[in-house]
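Below you'll find the structure, written out as structure tokens, and then a few comments.
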Amino acid sequence: MLFDPYKRRINYLRISVTDRCNLRCRYCMPEEGIPLISHDEILTYEEILRIVRVFAAEGISKVRLTGGEPLVRKGIVDFISRLSSIEEIKDLSLTTNGILLKESAQDLKQAGLKRINISLDSLKKERFYQITRKDAFERVWSGIEEALRVGLSPIKINMVAIQGLNEDEIESFARLTFHLPLTVRYIEYMPSANGEAWKKSDILTIPRIKTRLENVGKLIPIPADRWDGPAKRFRIEGAIGEIGLIGAVSTHFCDDCNRLRLTADGKIRTCLFSDEEIDVKELLRKGGSDRDLRERLLVALREKPERHHIDTHQFKKCQRNMSAIGG
Ligand code: SAM
């Protein structure tokens with residue numbers, strides 16, 4: 001088992017498989033995109049598999065693939081089937097914007113993916129376009145329907161809640177859980193390197209979201225399970241789906257942090273909001289051994305900060321974009 005200096009058990013690795021994305025969400029990046037990492041600098045699937053095998057032998061048992069947009073990377077389905085055959089990985093998941101999900105959901109399921117997170121910030125076609133700069137709401141929605149049809153479960157819908165942008169949709173997202181077996185998760189808006197200017201007043205805090213949810217129905221807490229991480233889970237009375245609340249900024253999110261991140265170009269990051277990075281790519285490409293890799297993992301654990309400082313004067317935005325780190 002892996003523990004950091006604050007006695008948190010670290011069992012979760014989020015892997016950004018690409019920094020490329022097929023959306024341009026305003027809060028994440030500018031319309032023209034951001035400078036991309038060159039192809040040779042991106043970890044190959046073989047390299048990622050080797051890292052995961054070594055880390056899994058030490059205690060990483062949960063892996064999430066993210067990006068950029070993971071479904072734009074060629075060969076992702078085959079890669080998932082290879083990852084899913086690593087015995088120690090008990091939980092393998094993927095975060096996607098859903099644009100390419102309709103055509104890939106069945107293959108992903110067959111490759112061994114059990115569950116999926118789909119990012120969706122609006123149920124309104126026009127607003128979806130306004131946020132993502134792409135007219136693709138129907139495409140994403142049909143991707144969600146396909147994920148339900150092929151039996152991916154749980155399917156989590158992640159909504160970044162932003163004051164003045166989509167706060168009037170908190171209730172309509174929650175109502176989805178009455179007739180669909182979805183988990184709707186509300187995530188507080190965090191500062192990002194290249195998105196539109198972030199202001200603290202843009203955050204729709206979890207307590208405010210909760211108050212709005214109480215208009216929809218009685219919120220019944222669901223006891224935490226070992227895979228939950230920082231989400232607090234609820235069910236609205238009478239609903240078949242669930243609600244998750246992720247207070248990335250306003251609550252004690254960090255106390256339950258169980259994760260490390262691997263960037264598309266092979267750096268371990270100890271926290272989304274720390275620019276501390278520990279190289280593994282150069283190590284691998286210069287012939288480093290599994291033992292050297294393990295050492296790097298232990299360094300990362302030792303350096304994991306106790307908490308982020310978004311809400312304090314010490315906070316400075318991280319230098320990398322969310323799409324390169326793997327938000
Ligand atoms: N393309 C994939 C997707 O859309 O899910 C994976 C990468 S995307 C960076 C991962 C998640 O980060 C998305 O749910 C996105 O909404 C979220 N995200 C990006 N910038 C954010 C911010 N400033 N605050 C909160 N969440 C953010």
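Starting from 1 in every chain, residues are counted up; chains themselves are A, B, ... following the order of the structure tokens, and ligands are numbered from 1 as listed.
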Hey, which residues sit close to ligand 1? Say within 7 Å, counting only C-alpha atoms and all ligand atoms, and write them as a PDB file with N, CA and C atoms, in the first residue's frame.
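Printed below is part_33.pdb as written:
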```pdb
ATOM      1  N   CYS A  21      -7.547  18.095 -27.858  1.00  0.00           N
ATOM      2  CA  CYS A  21      -8.969  18.052 -27.516  1.00  0.00           C
ATOM      3  C   CYS A  21      -9.798  18.538 -28.700  1.00  0.00           C
ATOM      4  N   TYR A  27     -13.826  27.943 -20.411  1.00  0.00           N
ATOM      5  CA  TYR A  27     -13.135  28.032 -19.125  1.00  0.00           C
ATOM      6  C   TYR A  27     -11.845  27.206 -19.130  1.00  0.00           C
ATOM      7  N   CYS A  28     -11.610  26.490 -20.219  1.00  0.00           N
ATOM      8  CA  CYS A  28     -10.433  25.611 -20.258  1.00  0.00           C
ATOM      9  C   CYS A  28      -9.360  26.115 -21.220  1.00  0.00           C
ATOM     10  N   THR A  66      -7.703  10.179 -19.122  1.00  0.00           N
ATOM     11  CA  THR A  66      -8.292  11.463 -19.389  1.00  0.00           C
ATOM     12  C   THR A  66      -7.428  12.170 -20.427  1.00  0.00           C
ATOM     13  N   GLY A  67      -7.565  13.481 -20.539  1.00  0.00           N
ATOM     14  CA  GLY A  67      -6.783  14.203 -21.539  1.00  0.00           C
ATOM     15  C   GLY A  67      -6.788  15.682 -21.227  1.00  0.00           C
ATOM     16  N   GLY A  68      -6.684  16.436 -22.268  1.00  0.00           N
ATOM     17  CA  GLY A  68      -7.191  16.368 -23.628  1.00  0.00           C
ATOM     18  C   GLY A  68      -8.429  15.494 -23.713  1.00  0.00           C
ATOM     19  N   GLU A  69      -8.696  15.045 -24.900  1.00  0.00           N
ATOM     20  CA  GLU A  69      -9.838  14.152 -25.076  1.00  0.00           C
ATOM     21  C   GLU A  69      -9.300  12.759 -25.405  1.00  0.00           C
ATOM     22  N   PRO A  70      -9.425  11.817 -24.469  1.00  0.00           N
ATOM     23  CA  PRO A  70      -8.797  10.508 -24.678  1.00  0.00           C
ATOM     24  C   PRO A  70      -9.287   9.775 -25.927  1.00  0.00           C
ATOM     25  N   THR A  95     -12.578   9.470 -18.702  1.00  0.00           N
ATOM     26  CA  THR A  95     -13.315  10.743 -18.700  1.00  0.00           C
ATOM     27  C   THR A  95     -13.316  11.283 -20.115  1.00  0.00           C
ATOM     28  N   THR A  96     -14.490  11.590 -20.628  1.00  0.00           N
ATOM     29  CA  THR A  96     -14.586  12.030 -22.026  1.00  0.00           C
ATOM     30  C   THR A  96     -15.586  13.170 -22.149  1.00  0.00           C
ATOM     31  N   ASN A  97     -15.436  13.948 -23.217  1.00  0.00           N
ATOM     32  CA  ASN A  97     -16.458  14.966 -23.482  1.00  0.00           C
ATOM     33  C   ASN A  97     -17.625  14.366 -24.263  1.00  0.00           C
ATOM     34  N   ASN A 117     -16.993   8.593 -17.212  1.00  0.00           N
ATOM     35  CA  ASN A 117     -17.445   9.930 -16.812  1.00  0.00           C
ATOM     36  C   ASN A 117     -17.571  10.781 -18.064  1.00  0.00           C
ATOM     37  N   ILE A 118     -18.685  11.453 -18.191  1.00  0.00           N
ATOM     38  CA  ILE A 118     -18.909  12.291 -19.375  1.00  0.00           C
ATOM     39  C   ILE A 118     -19.089  13.730 -18.903  1.00  0.00           C
ATOM     40  N   SER A 119     -18.307  14.616 -19.483  1.00  0.00           N
ATOM     41  CA  SER A 119     -18.385  16.022 -19.074  1.00  0.00           C
ATOM     42  C   SER A 119     -19.473  16.701 -19.880  1.00  0.00           C
ATOM     43  N   ASN A 158     -20.421  14.828 -15.454  1.00  0.00           N
ATOM     44  CA  ASN A 158     -19.739  15.860 -14.679  1.00  0.00           C
ATOM     45  C   ASN A 158     -20.108  17.236 -15.186  1.00  0.00           C
ATOM     46  N   MET A 159     -20.683  18.032 -14.320  1.00  0.00           N
ATOM     47  CA  MET A 159     -21.073  19.388 -14.700  1.00  0.00           C
ATOM     48  C   MET A 159     -20.243  20.380 -13.886  1.00  0.00           C
ATOM     49  N   VAL A 160     -19.486  21.216 -14.583  1.00  0.00           N
ATOM     50  CA  VAL A 160     -18.767  22.287 -13.890  1.00  0.00           C
ATOM     51  C   VAL A 160     -19.775  23.424 -13.714  1.00  0.00           C
ATOM     52  N   ILE A 187     -19.297  19.988 -10.022  1.00  0.00           N
ATOM     53  CA  ILE A 187     -17.897  20.264  -9.683  1.00  0.00           C
ATOM     54  C   ILE A 187     -17.703  21.768  -9.596  1.00  0.00           C
ATOM     55  N   GLU A 188     -17.104  22.193  -8.531  1.00  0.00           N
ATOM     56  CA  GLU A 188     -16.838  23.631  -8.418  1.00  0.00           C
ATOM     57  C   GLU A 188     -15.805  24.064  -9.456  1.00  0.00           C
ATOM     58  N   TYR A 189     -16.029  25.242  -9.953  1.00  0.00           N
ATOM     59  CA  TYR A 189     -15.168  25.828 -10.986  1.00  0.00           C
ATOM     60  C   TYR A 189     -13.815  26.200 -10.368  1.00  0.00           C
ATOM     61  N   MET A 190     -12.746  25.730 -11.012  1.00  0.00           N
ATOM     62  CA  MET A 190     -11.393  25.972 -10.479  1.00  0.00           C
ATOM     63  C   MET A 190     -10.610  26.885 -11.433  1.00  0.00           C
ATOM     64  N   PRO A 191      -9.614  27.589 -10.918  1.00  0.00           N
ATOM     65  CA  PRO A 191      -8.801  28.416 -11.814  1.00  0.00           C
ATOM     66  C   PRO A 191      -8.009  27.527 -12.760  1.00  0.00           C
ATOM     67  N   SER A 192      -7.906  27.912 -14.028  1.00  0.00           N
ATOM     68  CA  SER A 192      -7.104  27.093 -14.935  1.00  0.00           C
ATOM     69  C   SER A 192      -6.152  27.990 -15.719  1.00  0.00           C
ATOM     70  N   GLY A 195      -7.878  29.193 -19.485  1.00  0.00           N
ATOM     71  CA  GLY A 195      -9.293  29.484 -19.696  1.00  0.00           C
ATOM     72  C   GLY A 195      -9.553  30.973 -19.496  1.00  0.00           C
ATOM     73  N   MET A 322      -5.197  22.471 -18.028  1.00  0.00           N
ATOM     74  CA  MET A 322      -5.910  21.298 -17.535  1.00  0.00           C
ATOM     75  C   MET A 322      -5.843  20.149 -18.549  1.00  0.00           C
ATOM     76  N   SER A 323      -5.899  20.472 -19.856  1.00  0.00           N
ATOM     77  CA  SER A 323      -5.928  19.430 -20.879  1.00  0.00           C
ATOM     78  C   SER A 323      -4.593  18.688 -20.967  1.00  0.00           C
ATOM     79  N   GLY A 326      -4.495  16.631 -17.389  1.00  0.00           N
ATOM     80  CA  GLY A 326      -5.519  15.602 -17.202  1.00  0.00           C
ATOM     81  C   GLY A 326      -6.404  15.992 -16.044  1.00  0.00           C
ATOM     82  N   GLY A 327      -7.356  16.891 -16.336  1.00  0.00           N
ATOM     83  CA  GLY A 327      -8.218  17.441 -15.268  1.00  0.00           C
ATOM     84  C   GLY A 327      -9.127  16.394 -14.686  1.00  0.00           C
TER      85      GLY A 327
END
```
_Report as a list in words all protein, DNA and RNA residues lying within 10 Å of Glu103 in chain A, evaluated on only C-alpha atoms, omitting residues in the same chain fewer than 2 positions from it._
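Once the nearby chain positions are removed, what remains is Gly98, Ile99, Leu100, Leu101, Ala105, Gln106, Asp107, Leu108, Ser142, Gly143, Glu146 and Ala147 of chain A.
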May I have the selected residues written with N, CA and C atoms, as a PDB file, in the first residue's frame?
```pdb
ATOM      1  N   GLY A  98     -17.530  13.116 -24.642  1.00  0.00           N
ATOM      2  CA  GLY A  98     -18.657  12.411 -25.249  1.00  0.00           C
ATOM      3  C   GLY A  98     -18.831  12.613 -26.746  1.00  0.00           C
ATOM      4  N   ILE A  99     -18.001  13.473 -27.352  1.00  0.00           N
ATOM      5  CA  ILE A  99     -18.182  13.769 -28.783  1.00  0.00           C
ATOM      6  C   ILE A  99     -18.051  12.487 -29.625  1.00  0.00           C
ATOM      7  N   LEU A 100     -17.107  11.623 -29.275  1.00  0.00           N
ATOM      8  CA  LEU A 100     -16.880  10.407 -30.074  1.00  0.00           C
ATOM      9  C   LEU A 100     -17.434   9.141 -29.392  1.00  0.00           C
ATOM     10  N   LEU A 101     -18.311   9.362 -28.434  1.00  0.00           N
ATOM     11  CA  LEU A 101     -18.736   8.213 -27.624  1.00  0.00           C
ATOM     12  C   LEU A 101     -19.732   7.302 -28.334  1.00  0.00           C
ATOM     13  N   ALA A 105     -18.643   3.526 -27.785  1.00  0.00           N
ATOM     14  CA  ALA A 105     -19.084   2.967 -26.493  1.00  0.00           C
ATOM     15  C   ALA A 105     -19.050   1.431 -26.477  1.00  0.00           C
ATOM     16  N   GLN A 106     -19.572   0.831 -27.544  1.00  0.00           N
ATOM     17  CA  GLN A 106     -19.620  -0.635 -27.587  1.00  0.00           C
ATOM     18  C   GLN A 106     -18.207  -1.237 -27.531  1.00  0.00           C
ATOM     19  N   ASP A 107     -17.292  -0.663 -28.321  1.00  0.00           N
ATOM     20  CA  ASP A 107     -15.908  -1.175 -28.352  1.00  0.00           C
ATOM     21  C   ASP A 107     -15.218  -0.965 -26.998  1.00  0.00           C
ATOM     22  N   LEU A 108     -15.504   0.164 -26.379  1.00  0.00           N
ATOM     23  CA  LEU A 108     -14.889   0.431 -25.071  1.00  0.00           C
ATOM     24  C   LEU A 108     -15.343  -0.607 -24.061  1.00  0.00           C
ATOM     25  N   SER A 142     -26.391  11.649 -27.651  1.00  0.00           N
ATOM     26  CA  SER A 142     -26.550  10.299 -28.209  1.00  0.00           C
ATOM     27  C   SER A 142     -25.408   9.398 -27.735  1.00  0.00           C
ATOM     28  N   GLY A 143     -24.265   9.965 -27.423  1.00  0.00           N
ATOM     29  CA  GLY A 143     -23.171   9.183 -26.820  1.00  0.00           C
ATOM     30  C   GLY A 143     -23.572   8.668 -25.439  1.00  0.00           C
ATOM     31  N   GLU A 146     -25.975   5.862 -25.866  1.00  0.00           N
ATOM     32  CA  GLU A 146     -25.287   4.645 -26.311  1.00  0.00           C
ATOM     33  C   GLU A 146     -24.551   3.994 -25.130  1.00  0.00           C
ATOM     34  N   ALA A 147     -23.944   4.819 -24.288  1.00  0.00           N
ATOM     35  CA  ALA A 147     -23.237   4.278 -23.114  1.00  0.00           C
ATOM     36  C   ALA A 147     -24.228   3.539 -22.212  1.00  0.00           C
TER      37      ALA A 147
END
```
*May I have all residues of range 126-239 of chain A that DSSP, computed from the backbone, assigns to strand (DSSP E or B), given as JSON, numbers by chain?*
{"A": [155, 156, 157, 158, 159, 160, 161, 162, 182, 183, 184, 185, 186, 187, 188, 203, 219, 220, 221, 232, 233, 234, 235, 236]}
*Find the residues near Leu23 in chain A: any atom within 7 Å, counting only C-alpha atoms, skip ones fewer than 6 places away on the same chain, and give them as a list in words.*
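In the requested format, the answer is Thr132, Arg133 and Lys134 of chain A.
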Go through range 71-103 of chain A and flag each residue having an atom no more than 10 Å from range 37-50 of chain A; for those, report the closest pair of atoms plus their distance in Å to one decimal, using only C-alpha atoms, ordered by chain and rising number, as a Markdown table.
```
| residue | atom | partner | partner_atom | distance |
| --- | --- | --- | --- | --- |
| A:Gly75 | CA | A:Tyr45 | CA | 8.8 |
| A:Ile76 | CA | A:Tyr45 | CA | 8.7 |
| A:Asp78 | CA | A:Tyr45 | CA | 9.7 |
| A:Phe79 | CA | A:Tyr45 | CA | 6.6 |
| A:Ile80 | CA | A:Tyr45 | CA | 9.7 |
| A:Arg82 | CA | A:Leu49 | CA | 7.9 |
| A:Leu83 | CA | A:Leu49 | CA | 6.7 |
| A:Ile86 | CA | A:Leu49 | CA | 9.0 |
```
Put those residues in a file: N, CA and C atoms, as a PDB file, in the first residue's frame.
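Result file is result.pdb:
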```pdb
ATOM      1  N   GLY A  75      -5.949   4.206 -31.426  1.00  0.00           N
ATOM      2  CA  GLY A  75      -5.553   2.972 -30.736  1.00  0.00           C
ATOM      3  C   GLY A  75      -6.009   2.906 -29.289  1.00  0.00           C
ATOM      4  N   ILE A  76      -6.878   3.852 -28.881  1.00  0.00           N
ATOM      5  CA  ILE A  76      -7.247   3.917 -27.457  1.00  0.00           C
ATOM      6  C   ILE A  76      -8.000   2.650 -27.004  1.00  0.00           C
ATOM      7  N   ASP A  78      -7.724  -0.476 -28.080  1.00  0.00           N
ATOM      8  CA  ASP A  78      -6.793  -1.575 -27.877  1.00  0.00           C
ATOM      9  C   ASP A  78      -5.961  -1.342 -26.603  1.00  0.00           C
ATOM     10  N   PHE A  79      -5.564  -0.099 -26.404  1.00  0.00           N
ATOM     11  CA  PHE A  79      -4.799   0.242 -25.201  1.00  0.00           C
ATOM     12  C   PHE A  79      -5.617  -0.090 -23.943  1.00  0.00           C
ATOM     13  N   ILE A  80      -6.915   0.248 -23.974  1.00  0.00           N
ATOM     14  CA  ILE A  80      -7.769  -0.036 -22.814  1.00  0.00           C
ATOM     15  C   ILE A  80      -7.856  -1.538 -22.576  1.00  0.00           C
ATOM     16  N   ARG A  82      -5.592  -3.678 -23.163  1.00  0.00           N
ATOM     17  CA  ARG A  82      -4.332  -4.131 -22.547  1.00  0.00           C
ATOM     18  C   ARG A  82      -4.256  -3.696 -21.077  1.00  0.00           C
ATOM     19  N   LEU A  83      -4.718  -2.477 -20.830  1.00  0.00           N
ATOM     20  CA  LEU A  83      -4.717  -2.000 -19.432  1.00  0.00           C
ATOM     21  C   LEU A  83      -5.635  -2.850 -18.561  1.00  0.00           C
ATOM     22  N   ILE A  86      -4.381  -5.909 -16.732  1.00  0.00           N
ATOM     23  CA  ILE A  86      -3.427  -5.849 -15.604  1.00  0.00           C
ATOM     24  C   ILE A  86      -4.196  -6.205 -14.322  1.00  0.00           C
TER      25      ILE A  86
END
```
*Secondary structure check, alpha helix (DSSP H) residues of range 46-122 of chain A, as a PyMOL selection string*: chain A and resi 46-58+76-84+101-111
For the contact check between range 48-158 of chain A and range 227-243 of chain A, emit one row per residue of range 48-158 of chain A within 9 Å, containing the shortest atom pair and the distance in Å rounded to one decimal, counting only C-alpha atoms, chain then rising number order, as a Markdown table.
```
| residue | atom | partner | partner_atom | distance |
| --- | --- | --- | --- | --- |
| A:Lys62 | CA | A:Trp227 | CA | 8.2 |
| A:Asp91 | CA | A:Trp227 | CA | 8.5 |
| A:Lys156 | CA | A:Glu242 | CA | 8.9 |
```
Mind dumping the selected residues with all heavy atoms as a PDB file, in the first residue's frame?
```pdb
ATOM      1  N   LYS A  62      -6.398   1.797  -9.097  1.00  0.00           N
ATOM      2  CA  LYS A  62      -7.474   2.516  -9.781  1.00  0.00           C
ATOM      3  C   LYS A  62      -6.833   3.422 -10.827  1.00  0.00           C
ATOM      4  O   LYS A  62      -5.914   4.186 -10.493  1.00  0.00           O
ATOM      5  CB  LYS A  62      -8.208   3.327  -8.710  1.00  0.00           C
ATOM      6  CG  LYS A  62      -9.272   4.220  -9.206  1.00  0.00           C
ATOM      7  CD  LYS A  62     -10.072   4.817  -8.042  1.00  0.00           C
ATOM      8  CE  LYS A  62     -11.042   5.840  -8.587  1.00  0.00           C
ATOM      9  NZ  LYS A  62     -12.036   6.293  -7.641  1.00  0.00           N
ATOM     10  N   ASP A  91     -10.057  -1.057 -10.919  1.00  0.00           N
ATOM     11  CA  ASP A  91     -11.021  -0.060 -11.359  1.00  0.00           C
ATOM     12  C   ASP A  91     -10.410   0.757 -12.488  1.00  0.00           C
ATOM     13  O   ASP A  91      -9.417   1.450 -12.278  1.00  0.00           O
ATOM     14  CB  ASP A  91     -11.365   0.840 -10.173  1.00  0.00           C
ATOM     15  CG  ASP A  91     -12.444   1.836 -10.513  1.00  0.00           C
ATOM     16  OD1 ASP A  91     -13.469   1.424 -11.061  1.00  0.00           O
ATOM     17  OD2 ASP A  91     -12.257   3.031 -10.252  1.00  0.00           O
ATOM     18  N   LYS A 156     -21.225   8.597 -15.110  1.00  0.00           N
ATOM     19  CA  LYS A 156     -21.268   9.839 -14.328  1.00  0.00           C
ATOM     20  C   LYS A 156     -21.226  11.027 -15.269  1.00  0.00           C
ATOM     21  O   LYS A 156     -20.397  11.066 -16.180  1.00  0.00           O
ATOM     22  CB  LYS A 156     -20.090   9.888 -13.355  1.00  0.00           C
ATOM     23  CG  LYS A 156     -20.145   8.750 -12.358  1.00  0.00           C
ATOM     24  CD  LYS A 156     -19.044   8.830 -11.332  1.00  0.00           C
ATOM     25  CE  LYS A 156     -19.149   7.633 -10.391  1.00  0.00           C
ATOM     26  NZ  LYS A 156     -18.034   7.558  -9.456  1.00  0.00           N
TER      27      LYS A 156
END
```
*Find the residues around Gly288 in chain A up to 12 Å (only C-alpha atoms counted), leave out those fewer than 6 positions away in its own chain, and share them as a ChimeraX atom specification.*
/A:47,50-51,279-282,294-296
*Using only C-alpha atoms, which of the listed residues (A:Leu152, A:Ala197, A:Leu120, A:Leu293) sits closest to Phe137 in chain A?*
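Smallest distance to Phe137 in chain A is found for A:Leu120.
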*Pick out the residues sitting within 10 Å of Ser85 in chain A, and hand them over as a PyMOL selection string; count only C-alpha atoms, and ignore anything fewer than 5 positions along from it in its own chain.*
chain A and resi 80+90+111-112
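Interatomic distance, CA of Ala324 in chain A to CA of Thr270 in chain A: 14.3 Å.
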*Between CA of Val216 in chain A and CA of Arg175 in chain A, measure the distance and give it in Å to one decimal.*
7.3 Å
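For the set A:Ala264, A:Leu176, A:Ile278, A:Leu298, the residue with the smallest atom-to-atom gap to Ser16 in chain A is A:Ala264, counting only C-alpha atoms.
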